[in-house]
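Enquirer: The structure file structure.cif (mmCIF, C-alpha atoms and all ligand atoms; chains and numbers go by the auth columns) is provided below.
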```
data_work
#
loop_
_atom_site.group_PDB
_atom_site.id
_atom_site.type_symbol
_atom_site.label_atom_id
_atom_site.label_comp_id
_atom_site.label_asym_id
_atom_site.label_seq_id
_atom_site.Cartn_x
_atom_site.Cartn_y
_atom_site.Cartn_z
_atom_site.B_iso_or_equiv
_atom_site.auth_seq_id
_atom_site.auth_asym_id
ATOM 1 C CA MET A 1 0.000 0.000 0.000 0.00 209 J
ATOM 2 C CA ARG A 2 1.411 3.349 -1.087 0.00 210 J
ATOM 3 C CA LEU A 3 1.378 6.121 1.532 0.00 211 J
ATOM 4 C CA SER A 4 3.010 8.856 -0.542 0.00 212 J
ATOM 5 C CA ALA A 5 4.877 9.257 -3.819 0.00 213 J
ATOM 6 C CA ASN A 6 7.894 7.319 -2.537 0.00 214 J
ATOM 7 C CA PHE A 7 6.918 5.492 0.647 0.00 215 J
ATOM 8 C CA LYS A 8 4.996 2.268 1.049 0.00 216 J
ATOM 9 C CA LEU A 9 3.422 0.980 4.225 0.00 217 J
ATOM 10 C CA ASN A 10 5.578 -2.143 4.443 0.00 218 J
ATOM 11 C CA GLU A 11 8.766 -0.035 4.530 0.00 219 J
ATOM 12 C CA PHE A 12 7.796 1.024 8.038 0.00 220 J
ATOM 13 C CA TYR A 13 7.708 -2.501 9.481 0.00 221 J
ATOM 14 C CA ASN A 14 10.465 -4.976 10.223 0.00 222 J
ATOM 15 C CA PRO A 15 9.535 -8.452 8.920 0.00 223 J
ATOM 16 C CA ILE A 16 11.326 -10.131 11.824 0.00 224 J
ATOM 17 C CA ASP A 17 9.279 -8.180 14.361 0.00 225 J
ATOM 18 C CA HIS A 18 6.691 -10.623 15.657 0.00 226 J
ATOM 19 C CA GLY A 19 5.774 -8.685 18.766 0.00 227 J
ATOM 20 C CA THR A 20 2.142 -8.303 19.731 0.00 228 J
ATOM 21 C CA THR A 21 1.956 -5.028 21.634 0.00 229 J
ATOM 22 C CA TRP A 22 2.643 -1.436 20.644 0.00 230 J
ATOM 23 C CA ARG A 23 1.876 2.004 22.114 0.00 231 J
ATOM 24 C CA SER A 24 -0.828 4.544 21.486 0.00 232 J
ATOM 25 C CA ARG A 25 0.102 7.866 19.917 0.00 233 J
ATOM 26 C CA THR A 26 -1.790 9.797 22.564 0.00 234 J
ATOM 27 C CA TRP A 27 0.233 10.841 25.568 0.00 235 J
ATOM 28 C CA PRO A 28 0.683 9.305 28.079 0.00 236 J
ATOM 29 C CA GLN A 29 1.225 6.228 25.943 0.00 237 J
ATOM 30 C CA ARG A 30 -1.028 3.214 26.497 0.00 238 J
ATOM 31 C CA VAL A 31 -0.234 -0.372 25.539 0.00 239 J
ATOM 32 C CA ILE A 32 -2.246 -1.390 22.462 0.00 240 J
ATOM 33 C CA THR A 33 -2.613 -4.704 20.664 0.00 241 J
ATOM 34 C CA VAL A 34 -3.293 -3.451 17.145 0.00 242 J
ATOM 35 C CA ARG A 35 -0.191 -2.522 15.183 0.00 243 J
ATOM 36 C CA PRO A 36 -0.244 1.221 14.476 0.00 244 J
ATOM 37 C CA ASN A 37 0.147 2.764 11.045 0.00 245 J
ATOM 38 C CA PRO A 38 2.766 5.439 10.528 0.00 246 J
ATOM 39 C CA ALA A 39 1.573 8.877 11.611 0.00 247 J
ATOM 40 C CA PRO A 40 0.451 10.870 8.538 0.00 248 J
ATOM 41 C CA ASP A 41 2.638 13.811 9.623 0.00 249 J
ATOM 42 C CA LEU A 42 5.642 11.504 9.720 0.00 250 J
ATOM 43 C CA VAL A 43 5.020 10.326 6.149 0.00 251 J
ATOM 44 C CA THR A 44 4.581 13.923 4.968 0.00 252 J
ATOM 45 C CA ILE A 45 7.889 14.956 6.542 0.00 253 J
ATOM 46 C CA LEU A 46 9.760 11.958 5.130 0.00 254 J
ATOM 47 C CA GLN A 47 8.421 12.688 1.656 0.00 255 J
ATOM 48 C CA LEU A 48 9.465 16.334 1.877 0.00 256 J
ATOM 49 C CA ILE A 49 12.982 15.329 2.967 0.00 257 J
ATOM 50 C CA ARG A 50 13.110 12.818 0.140 0.00 258 J
ATOM 51 C CA ASP A 51 11.965 15.417 -2.400 0.00 259 J
ATOM 52 C CA THR A 52 14.475 17.967 -1.113 0.00 260 J
ATOM 53 C CA LEU A 53 17.410 15.560 -1.258 0.00 261 J
ATOM 54 C CA ASN A 54 16.120 14.040 -4.502 0.00 262 J
ATOM 55 C CA ARG A 55 17.520 10.694 -3.404 0.00 263 J
ATOM 56 C CA PRO A 56 15.876 7.471 -2.235 0.00 264 J
ATOM 57 C CA ILE A 57 15.577 7.118 1.520 0.00 265 J
ATOM 58 C CA ARG A 58 15.758 3.873 3.444 0.00 266 J
ATOM 59 C CA ILE A 59 13.826 3.542 6.674 0.00 267 J
ATOM 60 C CA THR A 60 16.348 1.692 8.815 0.00 268 J
ATOM 61 C CA SER A 61 13.957 1.440 11.761 0.00 269 J
ATOM 62 C CA GLY A 62 10.294 2.338 11.609 0.00 270 J
ATOM 63 C CA ILE A 63 7.502 0.977 13.739 0.00 271 J
ATOM 64 C CA ARG A 64 8.598 -1.379 16.498 0.00 272 J
ATOM 65 C CA SER A 65 6.580 -3.597 18.796 0.00 273 J
ATOM 66 C CA GLU A 66 7.391 -3.213 22.475 0.00 274 J
ATOM 67 C CA ALA A 67 9.461 -6.407 22.280 0.00 275 J
ATOM 68 C CA ARG A 68 11.414 -5.211 19.254 0.00 276 J
ATOM 69 C CA ASN A 69 11.970 -1.809 20.822 0.00 277 J
ATOM 70 C CA ARG A 70 13.412 -3.477 23.922 0.00 278 J
ATOM 71 C CA ALA A 71 15.605 -5.734 21.770 0.00 279 J
ATOM 72 C CA VAL A 72 17.214 -2.778 19.990 0.00 280 J
ATOM 73 C CA GLY A 73 17.612 -0.750 23.172 0.00 281 J
ATOM 74 C CA GLY A 74 14.972 1.854 22.343 0.00 282 J
ATOM 75 C CA SER A 75 13.798 4.245 25.010 0.00 283 J
ATOM 76 C CA ASN A 76 10.894 3.193 27.198 0.00 284 J
ATOM 77 C CA SER A 77 8.670 5.868 25.642 0.00 285 J
ATOM 78 C CA SER A 78 10.035 5.598 22.100 0.00 286 J
ATOM 79 C CA GLY A 79 7.906 7.054 19.329 0.00 287 J
ATOM 80 C CA HIS A 80 8.926 4.036 17.242 0.00 288 J
ATOM 81 C CA MET A 81 6.343 1.979 19.165 0.00 289 J
ATOM 82 C CA SER A 82 3.463 4.271 18.216 0.00 290 J
ATOM 83 C CA GLY A 83 4.254 4.934 14.564 0.00 291 J
ATOM 84 C CA SER A 84 5.375 8.476 15.182 0.00 292 J
ATOM 85 C CA SER A 85 9.122 8.017 14.592 0.00 293 J
ATOM 86 C CA ALA A 86 11.420 6.628 11.932 0.00 294 J
ATOM 87 C CA ASP A 87 15.172 6.378 11.472 0.00 295 J
ATOM 88 C CA ILE A 88 16.335 7.145 7.948 0.00 296 J
ATOM 89 C CA GLN A 89 19.407 6.788 5.802 0.00 297 J
ATOM 90 C CA VAL A 90 20.021 8.059 2.284 0.00 298 J
ATOM 91 C CA ILE A 91 20.596 5.102 0.002 0.00 299 J
ATOM 92 C CA SER A 92 24.003 4.971 -1.658 0.00 300 J
ATOM 93 C CA MET A 93 23.755 5.084 -5.431 0.00 301 J
ATOM 94 C CA ARG A 94 26.342 4.165 -7.996 0.00 302 J
ATOM 95 C CA GLY A 95 27.974 7.247 -9.450 0.00 303 J
ATOM 96 C CA MET A 96 26.660 9.505 -6.692 0.00 304 J
ATOM 97 C CA ARG A 97 28.463 10.443 -3.524 0.00 305 J
ATOM 98 C CA ASP A 98 27.023 9.312 -0.203 0.00 306 J
ATOM 99 C CA ILE A 99 25.071 11.804 1.859 0.00 307 J
ATOM 100 C CA SER A 100 26.037 11.463 5.517 0.00 308 J
ATOM 101 C CA PRO A 101 23.555 11.564 8.400 0.00 309 J
ATOM 102 C CA ARG A 102 25.091 14.902 9.369 0.00 310 J
ATOM 103 C CA GLU A 103 24.324 16.341 5.927 0.00 311 J
ATOM 104 C CA VAL A 104 20.798 14.940 6.047 0.00 312 J
ATOM 105 C CA GLY A 105 20.426 16.564 9.455 0.00 313 J
ATOM 106 C CA ALA A 106 21.534 19.921 8.041 0.00 314 J
ATOM 107 C CA VAL A 107 18.874 19.680 5.333 0.00 315 J
ATOM 108 C CA ILE A 108 16.216 18.831 7.933 0.00 316 J
ATOM 109 C CA ARG A 109 17.233 21.769 10.064 0.00 317 J
ATOM 110 C CA ASP A 110 17.123 24.094 7.059 0.00 318 J
ATOM 111 C CA LEU A 111 13.629 22.902 6.101 0.00 319 J
ATOM 112 C CA PHE A 112 12.531 23.409 9.706 0.00 320 J
ATOM 113 C CA ASN A 113 14.007 26.905 9.859 0.00 321 J
ATOM 114 C CA ARG A 114 12.090 27.777 6.697 0.00 322 J
ATOM 115 C CA GLY A 115 8.860 26.742 8.436 0.00 323 J
ATOM 116 C CA LEU A 116 8.322 23.662 6.268 0.00 324 J
ATOM 117 C CA LEU A 117 8.449 21.007 9.012 0.00 325 J
ATOM 118 C CA GLN A 118 6.047 22.435 11.543 0.00 326 J
ATOM 119 C CA ASN A 119 5.039 19.026 12.864 0.00 327 J
ATOM 120 C CA LEU A 120 8.549 17.785 13.418 0.00 328 J
ATOM 121 C CA ALA A 121 8.806 17.281 17.189 0.00 329 J
ATOM 122 C CA PHE A 122 12.190 15.646 17.711 0.00 330 J
ATOM 123 C CA SER A 123 15.188 14.778 15.584 0.00 331 J
ATOM 124 C CA TYR A 124 18.692 13.578 16.320 0.00 332 J
ATOM 125 C CA ILE A 125 21.652 12.415 14.266 0.00 333 J
ATOM 126 C CA GLY A 126 22.854 8.892 15.047 0.00 334 J
ATOM 127 C CA GLY A 127 25.971 7.149 13.794 0.00 335 J
ATOM 128 C CA SER A 128 24.410 5.899 10.561 0.00 336 J
ATOM 129 C CA PHE A 129 20.912 7.383 10.536 0.00 337 J
ATOM 130 C CA VAL A 130 18.782 10.386 11.406 0.00 338 J
ATOM 131 C CA HIS A 131 15.816 10.009 13.767 0.00 339 J
ATOM 132 C CA ILE A 132 12.615 11.822 12.791 0.00 340 J
ATOM 133 C CA GLY A 133 9.779 12.060 15.339 0.00 341 J
ATOM 134 C CA VAL A 134 6.388 13.730 15.350 0.00 342 J
ATOM 135 C CA ASP A 135 5.493 12.570 18.860 0.00 343 J
ATOM 136 C CA SER A 136 4.919 16.069 20.162 0.00 344 J
ATOM 137 C CA GLU A 137 3.180 14.895 23.322 0.00 345 J
ATOM 138 C CA VAL A 138 6.407 13.536 24.735 0.00 346 J
ATOM 139 C CA PRO A 139 8.021 16.125 27.003 0.00 347 J
ATOM 140 C CA ARG A 140 11.258 17.293 25.407 0.00 348 J
ATOM 141 C CA ASN A 141 13.785 20.041 25.760 0.00 349 J
ATOM 142 C CA GLY A 142 13.632 21.304 22.194 0.00 350 J
ATOM 143 C CA ILE A 143 13.526 19.312 18.999 0.00 351 J
ATOM 144 C CA TRP A 144 17.251 18.939 18.290 0.00 352 J
ATOM 145 C CA GLY A 145 18.948 16.026 19.988 0.00 353 J
ATOM 146 C CA ALA A 146 22.406 14.469 19.784 0.00 354 J
ATOM 147 C CA GLY A 147 24.496 15.109 16.712 0.00 355 J
ATOM 148 C CA TYR A 148 23.104 18.507 15.815 0.00 356 J
HETATM 149 ZN ZN ZN B . 14.784 6.502 16.104 0.00 401 G
#
```
Please render this file's structure as structure tokens.

Expert:
Amino acid sequence: MRLSANFKLNEFYNPIDHGTTWRSRTWPQRVITVRPNPAPDLVTILQLIRDTLNRPIRITSGIRSEARNRAVGGSNSSGHMSGSSADIQVISMRGMRDISPREVGAVIRDLFNRGLLQNLAFSYIGGSFVHIGVDSEVPRNGIWGAGY
């Protein structure tokens, strides 16, 4: 199922994730037993980043069950469990130079500063990915985390 010009629903799920509980998107999070879809705002933001970079984006970690989130060391209130967060990487392409997470982060920050990512709630730059979250209910100290 296509969610936007370049993202399909199944890209947000890990096929080896056989967990049975997730979290609600409302805050405080509740345990739910129906796997959430990606938040529409998240898909919109990912598509805008993709269009700006004009390069395919791989979702390295999308929606996680509680069990999967624990297995990868995700935070106890991770937006990955509710469909409001995704980790992304720009896909390497033959003949084109790689775009590092730091460069992707700079593009995200620029889009935000231009008022184009109003629903972005939290982002940080990891070693090989950039985290994008729209889980605005989670108390945070600003939207820019590690790596920025
Ligand atoms: Zn993440």

Enquirer: Which of these residues is nearest to ligand ZN 401 (chain G), using only C-alpha atoms and all ligand atoms: J:Pro309, J:Gly355, J:Pro347, J:Gly287?

Expert: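 Using only C-alpha atoms and all ligand atoms, ligand ZN 401 (chain G) sits closest to J:Gly287.
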
Enquirer: Give the answer as one residue: which of J:Arg302, J:Ser286, J:Tyr356, J:Arg348 has the shortest atom-to-atom distance to ligand ZN 401 (chain G), using all atoms listed in the file?

Expert: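 Comparing J:Arg302, J:Ser286, J:Tyr356, J:Arg348 against ligand ZN 401 (chain G), the winner is J:Ser286.
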
Enquirer: Within 8 Å of Gly270 (chain J), counting only C-alpha atoms, which residues qualify if same-chain residues fewer than 5 places away don't, as a PDB file with C-alpha atoms, in the coordinates of the input?

Expert:
```
ATOM      1  CA  GLU J 219       8.766  -0.035   4.530  1.00  0.00           C
ATOM      2  CA  PHE J 220       7.796   1.024   8.038  1.00  0.00           C
ATOM      3  CA  TYR J 221       7.708  -2.501   9.481  1.00  0.00           C
ATOM      4  CA  ASN J 222      10.465  -4.976  10.223  1.00  0.00           C
ATOM      5  CA  HIS J 288       8.926   4.036  17.242  1.00  0.00           C
ATOM      6  CA  GLY J 291       4.254   4.934  14.564  1.00  0.00           C
ATOM      7  CA  SER J 293       9.122   8.017  14.592  1.00  0.00           C
ATOM      8  CA  ALA J 294      11.420   6.628  11.932  1.00  0.00           C
ATOM      9  CA  ASP J 295      15.172   6.378  11.472  1.00  0.00           C
TER      10      ASP J 295
END
```

Enquirer: Can you tell me which residues sit at most 10 Å away from ligand ZN 401 (chain G), counting all atoms listed in the file, written as a ChimeraX atom specification?

Expert: /J:267-271,277,282-283,286-288,292-296,330-334,337-341

Enquirer: Output the residue selection produced by the PyMOL selection byres (((chain J and resi 213) around 12) and not hetatm) on the file above, formatted as a VMD selection string.

Expert: chain J and resid 209 to 212 214 to 217 251 to 252 254 to 256 258 to 259 264

Enquirer: Using only C-alpha atoms, pick whichever of J:Val315, J:Met289, J:Ala275, J:Leu328 has the shortest atom-to-atom distance to Arg238 (chain J).

Expert: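 Comparing J:Val315, J:Met289, J:Ala275, J:Leu328 against Arg238 (chain J), the winner is J:Met289.
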
Enquirer: So which residues are close to (2.7, -2.0, 22.6), meaning at most 12 Å away in the file's coordinates with all atoms listed in the file counted, and can you show them as number ranges by chain?

Expert: J: 226-233, 237-244, 271-278, 284-291

Enquirer: Restrict the selected residues to C-alpha atoms and save them as an mmCIF file, in the coordinates of the input.

Expert:
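out_37.cif was written with the following content:
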```cif
data_model
loop_
_atom_site.group_PDB
_atom_site.id
_atom_site.type_symbol
_atom_site.label_atom_id
_atom_site.label_comp_id
_atom_site.auth_asym_id
_atom_site.auth_seq_id
_atom_site.Cartn_x
_atom_site.Cartn_y
_atom_site.Cartn_z
ATOM 1 C CA HIS J 226 6.691 -10.623 15.657
ATOM 2 C CA GLY J 227 5.774 -8.685 18.766
ATOM 3 C CA THR J 228 2.142 -8.303 19.731
ATOM 4 C CA THR J 229 1.956 -5.028 21.634
ATOM 5 C CA TRP J 230 2.643 -1.436 20.644
ATOM 6 C CA ARG J 231 1.876 2.004 22.114
ATOM 7 C CA SER J 232 -0.828 4.544 21.486
ATOM 8 C CA ARG J 233 0.102 7.866 19.917
ATOM 9 C CA GLN J 237 1.225 6.228 25.943
ATOM 10 C CA ARG J 238 -1.028 3.214 26.497
ATOM 11 C CA VAL J 239 -0.234 -0.372 25.539
ATOM 12 C CA ILE J 240 -2.246 -1.390 22.462
ATOM 13 C CA THR J 241 -2.613 -4.704 20.664
ATOM 14 C CA VAL J 242 -3.293 -3.451 17.145
ATOM 15 C CA ARG J 243 -0.191 -2.522 15.183
ATOM 16 C CA PRO J 244 -0.244 1.221 14.476
ATOM 17 C CA ILE J 271 7.502 0.977 13.739
ATOM 18 C CA ARG J 272 8.598 -1.379 16.498
ATOM 19 C CA SER J 273 6.580 -3.597 18.796
ATOM 20 C CA GLU J 274 7.391 -3.213 22.475
ATOM 21 C CA ALA J 275 9.461 -6.407 22.280
ATOM 22 C CA ARG J 276 11.414 -5.211 19.254
ATOM 23 C CA ASN J 277 11.970 -1.809 20.822
ATOM 24 C CA ARG J 278 13.412 -3.477 23.922
ATOM 25 C CA ASN J 284 10.894 3.193 27.198
ATOM 26 C CA SER J 285 8.670 5.868 25.642
ATOM 27 C CA SER J 286 10.035 5.598 22.100
ATOM 28 C CA GLY J 287 7.906 7.054 19.329
ATOM 29 C CA HIS J 288 8.926 4.036 17.242
ATOM 30 C CA MET J 289 6.343 1.979 19.165
ATOM 31 C CA SER J 290 3.463 4.271 18.216
ATOM 32 C CA GLY J 291 4.254 4.934 14.564
#
```

Enquirer: Mind pulling up the distance from CA of Thr234 (chain J) to CA of Gly313 (chain J)?

Expert: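 About the pair CA of Gly313 (chain J) and CA of Thr234 (chain J): they are 26.7 Å apart.
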
Enquirer: At what distance in Å, to one decimal, does CA of Ile253 (chain J) lie from CA of Val312 (chain J)?

Expert: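 Separating CA of Val312 (chain J) from CA of Ile253 (chain J) is a distance of 12.9 Å.
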
Enquirer: Report, in Å to a single decimal, how far apart CA of Pro248 (chain J) and CA of Asp318 (chain J) are.

Expert: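 Separating CA of Asp318 (chain J) from CA of Pro248 (chain J) is a distance of 21.3 Å.
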
Enquirer: Go through J:Pro236, J:Asp225, J:Val342, J:Ile351 and flag the residue nearest Val280 (chain J), using only C-alpha atoms for the distances.

Expert: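 Residue with the minimum atom-to-atom distance to Val280 (chain J): J:Asp225.
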
Enquirer: For Ile299 (chain J), which residue out of J:Arg263, J:Trp235, J:Ala247, J:Gly350 is the nearest one, using all atoms listed in the file?

Expert: J:Arg263

Enquirer: For Leu325 (chain J), which residue among J:Ala354, J:Asn218, J:Ile257, J:Asn245 is the nearest when counting all atoms listed in the file?

Expert: J:Ile257
